[in-house]
file data_32.txt (compact mmCIF, C-alpha atoms)
# COMPACT_ATOMS: atom_id res chain seq x y z
CA MET A 1 11.95 -14.84 -12.38
CA ARG A 2 9.09 -13.21 -10.60
CA ARG A 3 8.54 -12.82 -6.97
CA TYR A 4 5.22 -13.80 -5.50
CA GLU A 5 3.73 -14.19 -2.10
CA THR A 6 0.88 -16.45 -1.23
CA LEU A 7 -1.10 -16.05 1.92
CA PHE A 8 -3.21 -19.06 2.72
CA ILE A 9 -5.34 -20.34 5.52
CA VAL A 10 -4.94 -23.84 6.90
CA THR A 11 -7.87 -25.44 8.64
CA PRO A 12 -7.76 -24.79 12.40
CA ASP A 13 -8.11 -28.41 13.51
CA SER A 14 -4.84 -29.43 11.97
CA SER A 15 -2.07 -30.65 14.21
CA GLU A 16 1.57 -29.64 14.28
CA GLU A 17 2.44 -32.52 11.99
CA GLU A 18 -0.22 -31.56 9.53
CA LEU A 19 1.06 -28.00 9.42
CA LYS A 20 4.50 -29.41 8.82
CA ALA A 21 3.16 -31.62 6.06
CA VAL A 22 1.44 -28.65 4.46
CA ALA A 23 4.67 -26.66 4.66
CA ASP A 24 6.67 -29.44 3.06
CA LYS A 25 4.11 -30.06 0.39
CA PHE A 26 3.79 -26.54 -0.89
CA GLN A 27 7.43 -25.69 -0.58
CA GLY A 28 8.03 -28.85 -2.53
CA VAL A 29 5.65 -27.69 -5.24
CA VAL A 30 7.58 -24.46 -5.62
CA THR A 31 11.03 -25.96 -5.57
CA GLY A 32 9.89 -28.82 -7.78
CA MET A 33 9.13 -26.33 -10.52
CA ASN A 34 12.46 -24.54 -10.30
CA GLY A 35 11.06 -21.97 -7.94
CA LYS A 36 12.75 -20.74 -4.85
CA VAL A 37 11.14 -20.26 -1.46
CA ALA A 38 12.37 -17.02 0.06
CA SER A 39 10.48 -17.32 3.30
CA TYR A 40 7.81 -19.43 4.88
CA ASP A 41 6.14 -17.70 7.74
CA GLU A 42 3.48 -19.32 9.88
CA GLN A 43 1.59 -16.47 11.41
CA GLY A 44 -0.38 -18.60 13.80
CA LYS A 45 -4.02 -19.14 14.45
CA LYS A 46 -6.22 -16.13 13.84
CA SER A 47 -9.93 -15.71 13.81
CA LEU A 48 -11.42 -15.11 10.39
CA ALA A 49 -13.55 -12.12 9.56
CA TYR A 50 -16.22 -14.44 8.27
CA ASN A 51 -16.73 -18.17 8.22
CA VAL A 52 -14.94 -20.10 5.52
CA LYS A 53 -15.98 -23.70 4.99
CA LYS A 54 -17.79 -23.51 8.31
CA GLN A 55 -14.63 -22.55 10.13
CA SER A 56 -14.29 -19.37 12.12
CA LYS A 57 -10.55 -19.70 12.73
CA GLY A 58 -7.53 -20.67 10.76
CA TYR A 59 -3.76 -20.79 10.62
CA TYR A 60 -2.42 -18.06 8.39
CA VAL A 61 0.71 -18.90 6.47
CA LEU A 62 2.64 -16.48 4.30
CA MET A 63 4.96 -17.94 1.71
CA ASP A 64 7.30 -15.72 -0.26
CA TYR A 65 8.85 -17.29 -3.32
CA LEU A 66 10.36 -16.80 -6.74
CA GLY A 67 9.31 -18.50 -9.88
CA GLN A 68 7.56 -18.37 -13.21
CA ALA A 69 3.85 -17.96 -13.66
CA GLU A 70 3.46 -21.71 -13.99
CA VAL A 71 4.58 -22.13 -10.41
CA VAL A 72 1.65 -20.04 -9.25
CA ALA A 73 -0.77 -21.98 -11.40
CA GLU A 74 0.49 -25.28 -10.06
CA LEU A 75 0.56 -24.08 -6.48
CA GLU A 76 -2.97 -22.77 -6.64
CA ARG A 77 -4.18 -25.94 -8.28
CA ASN A 78 -2.71 -27.92 -5.42
CA MET A 79 -4.27 -25.63 -2.87
CA ARG A 80 -7.65 -25.97 -4.46
CA LEU A 81 -7.42 -29.73 -4.24
CA ASP A 82 -6.14 -29.78 -0.70
CA ASP A 83 -8.90 -29.96 1.88
CA ARG A 84 -6.69 -28.49 4.56
CA ILE A 85 -6.48 -25.17 2.74
CA LEU A 86 -9.47 -22.96 3.34
CA LYS A 87 -8.46 -20.02 1.18
CA TYR A 88 -5.43 -18.60 -0.56
CA LEU A 89 -4.35 -15.34 -2.10
CA THR A 90 -1.36 -14.82 -4.35
CA VAL A 91 0.13 -11.43 -5.00
CA LYS A 92 2.96 -10.60 -7.36
CA LEU A 93 5.61 -8.58 -5.59
CA ALA A 94 8.14 -7.97 -8.37
CA ASP A 95 8.44 -8.73 -12.03
CA GLN A 96 12.10 -9.17 -12.61
CA VAL A 97 14.08 -10.69 -9.79
CA ASP A 98 17.50 -12.22 -9.99
CA PRO A 99 17.26 -15.44 -7.99
CA ALA A 100 20.86 -15.09 -6.91
CA THR A 101 20.06 -12.00 -4.90
CA VAL A 102 17.45 -13.75 -2.80
CA GLU A 103 18.73 -16.57 -0.71
CA ALA A 104 16.43 -19.48 -0.10
CA VAL A 105 15.80 -19.60 3.60
CA LYS A 106 13.86 -22.54 4.84
CA PRO A 107 13.49 -22.43 8.58
CA LYS A 108 12.90 -18.76 9.09
CA PRO A 109 9.69 -18.20 10.92
CA LYS A 110 10.41 -14.68 12.07
CA LYS A 111 10.91 -11.93 9.60
CA GLU A 112 10.56 -8.70 11.38
CA ALA A 113 6.91 -7.96 11.73
CA GLU A 114 6.52 -4.43 10.55
CA GLU A 115 4.13 -3.04 13.08
CA THR A 116 2.60 0.15 11.95
CA GLU A 117 1.83 1.76 15.24
CA VAL A 118 1.08 5.08 13.65
CA ILE A 119 -2.49 3.96 13.24
CA GLU A 120 -3.76 5.46 16.43
CA GLU A 121 -2.84 9.05 15.85
CA GLU A 122 -5.00 11.09 13.59
CA ALA A 123 -3.32 12.60 10.63
CA GLN A 124 -3.07 16.18 11.74
CA PRO A 125 -3.02 18.64 8.92
CA PRO A 126 0.29 20.47 8.96
CA GLU A 127 -1.46 23.77 8.49
CA ALA A 128 -3.47 23.87 11.66
CA GLN A 129 -4.48 27.45 11.16
CA GLU A 130 -6.66 26.88 8.16
CA SER A 131 -8.81 29.90 8.73
CA GLU A 132 -5.91 32.31 8.47
CA GLU A 133 -4.59 30.56 5.45
CA GLU A 134 -7.90 30.72 3.69
CA GLU A 135 -8.22 34.39 4.37
CA THR A 136 -4.87 35.28 2.95
CA GLU A 137 -5.68 33.28 -0.11
CA GLU A 138 -8.93 34.96 -0.84
CA ASP A 139 -8.50 38.53 0.23
CA MET B 1 -18.14 38.65 -1.27
CA VAL B 2 -15.43 37.04 0.66
CA THR B 3 -17.50 37.05 3.81
CA TYR B 4 -20.43 35.67 1.93
CA ARG B 5 -18.45 32.75 0.70
CA ARG B 6 -17.02 32.18 4.08
CA ARG B 7 -20.36 32.13 5.79
CA ARG B 8 -21.81 29.63 3.40
CA ARG B 9 -19.00 27.24 3.86
CA SER B 10 -19.26 25.27 7.06
CA PHE B 11 -15.52 25.03 7.34
CA PRO B 12 -14.51 21.59 6.35
CA ARG B 13 -11.33 20.88 8.15
CA ARG B 14 -8.65 20.70 5.54
CA LYS B 15 -7.67 17.09 5.50
CA VAL B 16 -4.29 15.91 4.48
CA CYS B 17 -3.60 12.48 3.21
CA ARG B 18 -1.88 10.78 6.10
CA PHE B 19 0.12 8.55 3.82
CA CYS B 20 1.55 11.54 2.01
CA ALA B 21 2.28 13.21 5.32
CA ASP B 22 4.07 10.17 6.68
CA SER B 23 5.66 8.05 4.00
CA SER B 24 6.87 5.50 6.53
CA VAL B 25 3.41 3.97 6.75
CA LYS B 26 3.08 1.22 4.19
CA ILE B 27 -0.28 0.12 2.89
CA ASP B 28 -0.43 -3.63 3.10
CA TYR B 29 -3.37 -5.96 2.81
CA LYS B 30 -1.91 -8.09 5.59
CA ASP B 31 -2.35 -5.27 8.07
CA PRO B 32 -6.04 -5.09 8.95
CA LYS B 33 -5.27 -2.92 11.95
CA LEU B 34 -4.37 -0.07 9.65
CA LEU B 35 -7.08 -0.74 7.10
CA LYS B 36 -9.77 -0.93 9.75
CA TYR B 37 -9.46 2.81 10.03
CA PHE B 38 -10.80 3.21 6.51
CA ILE B 39 -13.97 1.17 6.75
CA THR B 40 -17.25 1.92 8.44
CA GLU B 41 -18.75 -0.16 11.20
CA ARG B 42 -20.64 -2.05 8.59
CA GLY B 43 -17.49 -2.77 6.69
CA LYS B 44 -17.89 -0.35 3.84
CA ILE B 45 -14.92 1.52 2.49
CA ILE B 46 -14.94 5.15 3.57
CA PRO B 47 -14.93 7.51 0.59
CA ARG B 48 -12.06 9.78 -0.15
CA ARG B 49 -13.98 12.93 0.60
CA ILE B 50 -14.43 11.75 4.17
CA SER B 51 -11.17 10.00 4.84
CA GLY B 52 -9.11 12.76 3.25
CA ASN B 53 -6.80 10.45 1.37
CA CYS B 54 -5.27 11.51 -1.88
CA ALA B 55 -6.36 9.65 -4.99
CA ARG B 56 -3.31 7.48 -5.18
CA HIS B 57 -3.39 6.34 -1.60
CA GLN B 58 -7.12 5.84 -1.62
CA ARG B 59 -6.62 3.53 -4.56
CA GLU B 60 -4.01 1.58 -2.67
CA ILE B 61 -6.22 1.40 0.40
CA THR B 62 -9.14 0.16 -1.65
CA MET B 63 -6.98 -2.49 -3.25
CA ALA B 64 -5.63 -3.58 0.12
CA ILE B 65 -9.07 -3.75 1.70
CA LYS B 66 -10.40 -5.85 -1.11
CA ARG B 67 -7.50 -8.24 -0.83
CA ALA B 68 -7.88 -8.41 2.91
CA ARG B 69 -11.54 -9.21 2.48
CA HIS B 70 -10.78 -12.01 0.12
CA ILE B 71 -8.43 -13.70 2.53
CA ALA B 72 -10.84 -13.24 5.46
CA LEU B 73 -8.75 -10.73 7.32
CA MET B 74 -11.53 -8.18 7.01
CA PRO B 75 -15.28 -8.54 6.69
CA TYR B 76 -17.21 -7.95 3.52
CA THR B 77 -20.08 -6.97 5.71
CA THR B 78 -21.11 -7.23 9.31
CA ILE B 79 -24.56 -8.64 9.53
CA GLN B 80 -25.27 -7.49 13.03
CA PRO B 81 -23.44 -4.33 13.95
CA HIS B 82 -22.86 -4.29 17.66

call {"tool": "encode", "arguments": {"input": "data_32.txt", "output": "structure tokens"}}
result
Amino acid sequence: MRRYETLFIVTPDSSEEELKAVADKFQGVVTGMNGKVASYDEQGKKSLAYNVKKQSKGYYVLMDYLGQAEVVAELERNMRLDDRILKYLTVKLADQVDPATVEAVKPKPKKEAEETEVIEEEAQPPEAQESEEEETEED
Amino acid sequence: MVTYRRRRRSFPRRKVCRFCADSSVKIDYKDPKLLKYFITERGKIIPRRISGNCARHQREITMAIKRARHIALMPYTTIQPH
């Protein structure tokens, strides 16, 4: 089995129930095709970088799952047909995954958000004294 | 001839790929905060010769930015730069 993740955007004017319905629907698609949902993470409402279907905001949802390639095809077909989905993106994470090693967790909204706080600091070159280094190289 | 060479060069600060320097930073398309650092104000990807990334990491960054653009986490372009 392969491991995929699909990040998709749900239309911002959807209610709690609709989000729930979306969650059930797409998890059902995966499990219905012998896939396995590893995590389903609603990342909340975020503003989009550009308007999609005249919307400037959307609920981002990240679904991590295992399955064959057909699962992806079916899932994406369903997303294309569903008006509540603005956009989706599927990425393959691993080629060969033993489904036994990944437990199917359903209600698990929080998987530790890996904050990369290192962004702010400039990458300082380890050799700060470039001039000296250059000289020794060339002389 | 050493001095000659040195004078002509306007000392480009030797840049080191920050992802090679710190392997704990993961390049991920879902992290626009990190990727933002590698685009211009207009949303263009900053070339390797400016950003100082190594080839491999620049490739990963490019990939991640393009994915992030597709899923509307990052802009393809900003029409009116502030």

call {"tool": "interface_residues", "arguments": {"input": "data_32.txt", "of": "chain B", "to": "chain A", "cutoff": "8 Å", "atoms": "all atoms listed in the file", "output": "ChimeraX atom specification"}}
result
/B:2,13-18,21,25-26,33-34,37,67,69-75

call {"tool": "residues_around", "arguments": {"input": "data_32.txt", "residues": "Lys44 (chain B)", "least_positions_apart": "6", "cutoff": "9 Å", "atoms": "all atoms listed in the file", "output": "number ranges by chain"}}
result
B: 38, 76-77

call {"tool": "residues_around", "arguments": {"input": "data_32.txt", "residues": "Asp28 (chain B)", "least_positions_apart": "5", "cutoff": "9 Å", "atoms": "all atoms listed in the file", "output": "ChimeraX atom specification"}}
result
/B:34-35,60-61,64-65,68

call {"tool": "atom_distance", "arguments": {"input": "data_32.txt", "atom1": "CA of Lys54 (chain A)", "atom2": "CA of Glu18 (chain A)"}}
result
19.4 Å

call {"tool": "atom_distance", "arguments": {"input": "data_32.txt", "atom1": "CA of Ala23 (chain A)", "atom2": "CA of Lys36 (chain A)"}}
result
13.8 Å

call {"tool": "atom_distance", "arguments": {"input": "data_32.txt", "atom1": "CA of Leu66 (chain A)", "atom2": "CA of Asp24 (chain A)"}}
result
16.4 Å

call {"tool": "closest_residue", "arguments": {"input": "data_32.txt", "among": "B:Met63, B:Ile27, B:Cys20, B:Ser51", "to": "Ile39 (chain B)", "atoms": "only C-alpha atoms"}}
result
B:Ser51

call {"tool": "residues_around", "arguments": {"input": "data_32.txt", "residues": "Phe26 (chain A)", "least_positions_apart": "6", "cutoff": "9 Å", "atoms": "all atoms listed in the file", "output": "ChimeraX atom specification"}}
result
/A:75,78-79

call {"tool": "write_last_selection", "arguments": {"input": "data_32.txt", "atoms": "C-alpha atoms", "output": "PDB file, in the coordinates of the input"}}
result
ATOM      1  CA  LEU A  75       0.560 -24.080  -6.480  1.00  0.00           C
ATOM      2  CA  ASN A  78      -2.710 -27.920  -5.420  1.00  0.00           C
ATOM      3  CA  MET A  79      -4.270 -25.630  -2.870  1.00  0.00           C
TER       4      MET A  79
END
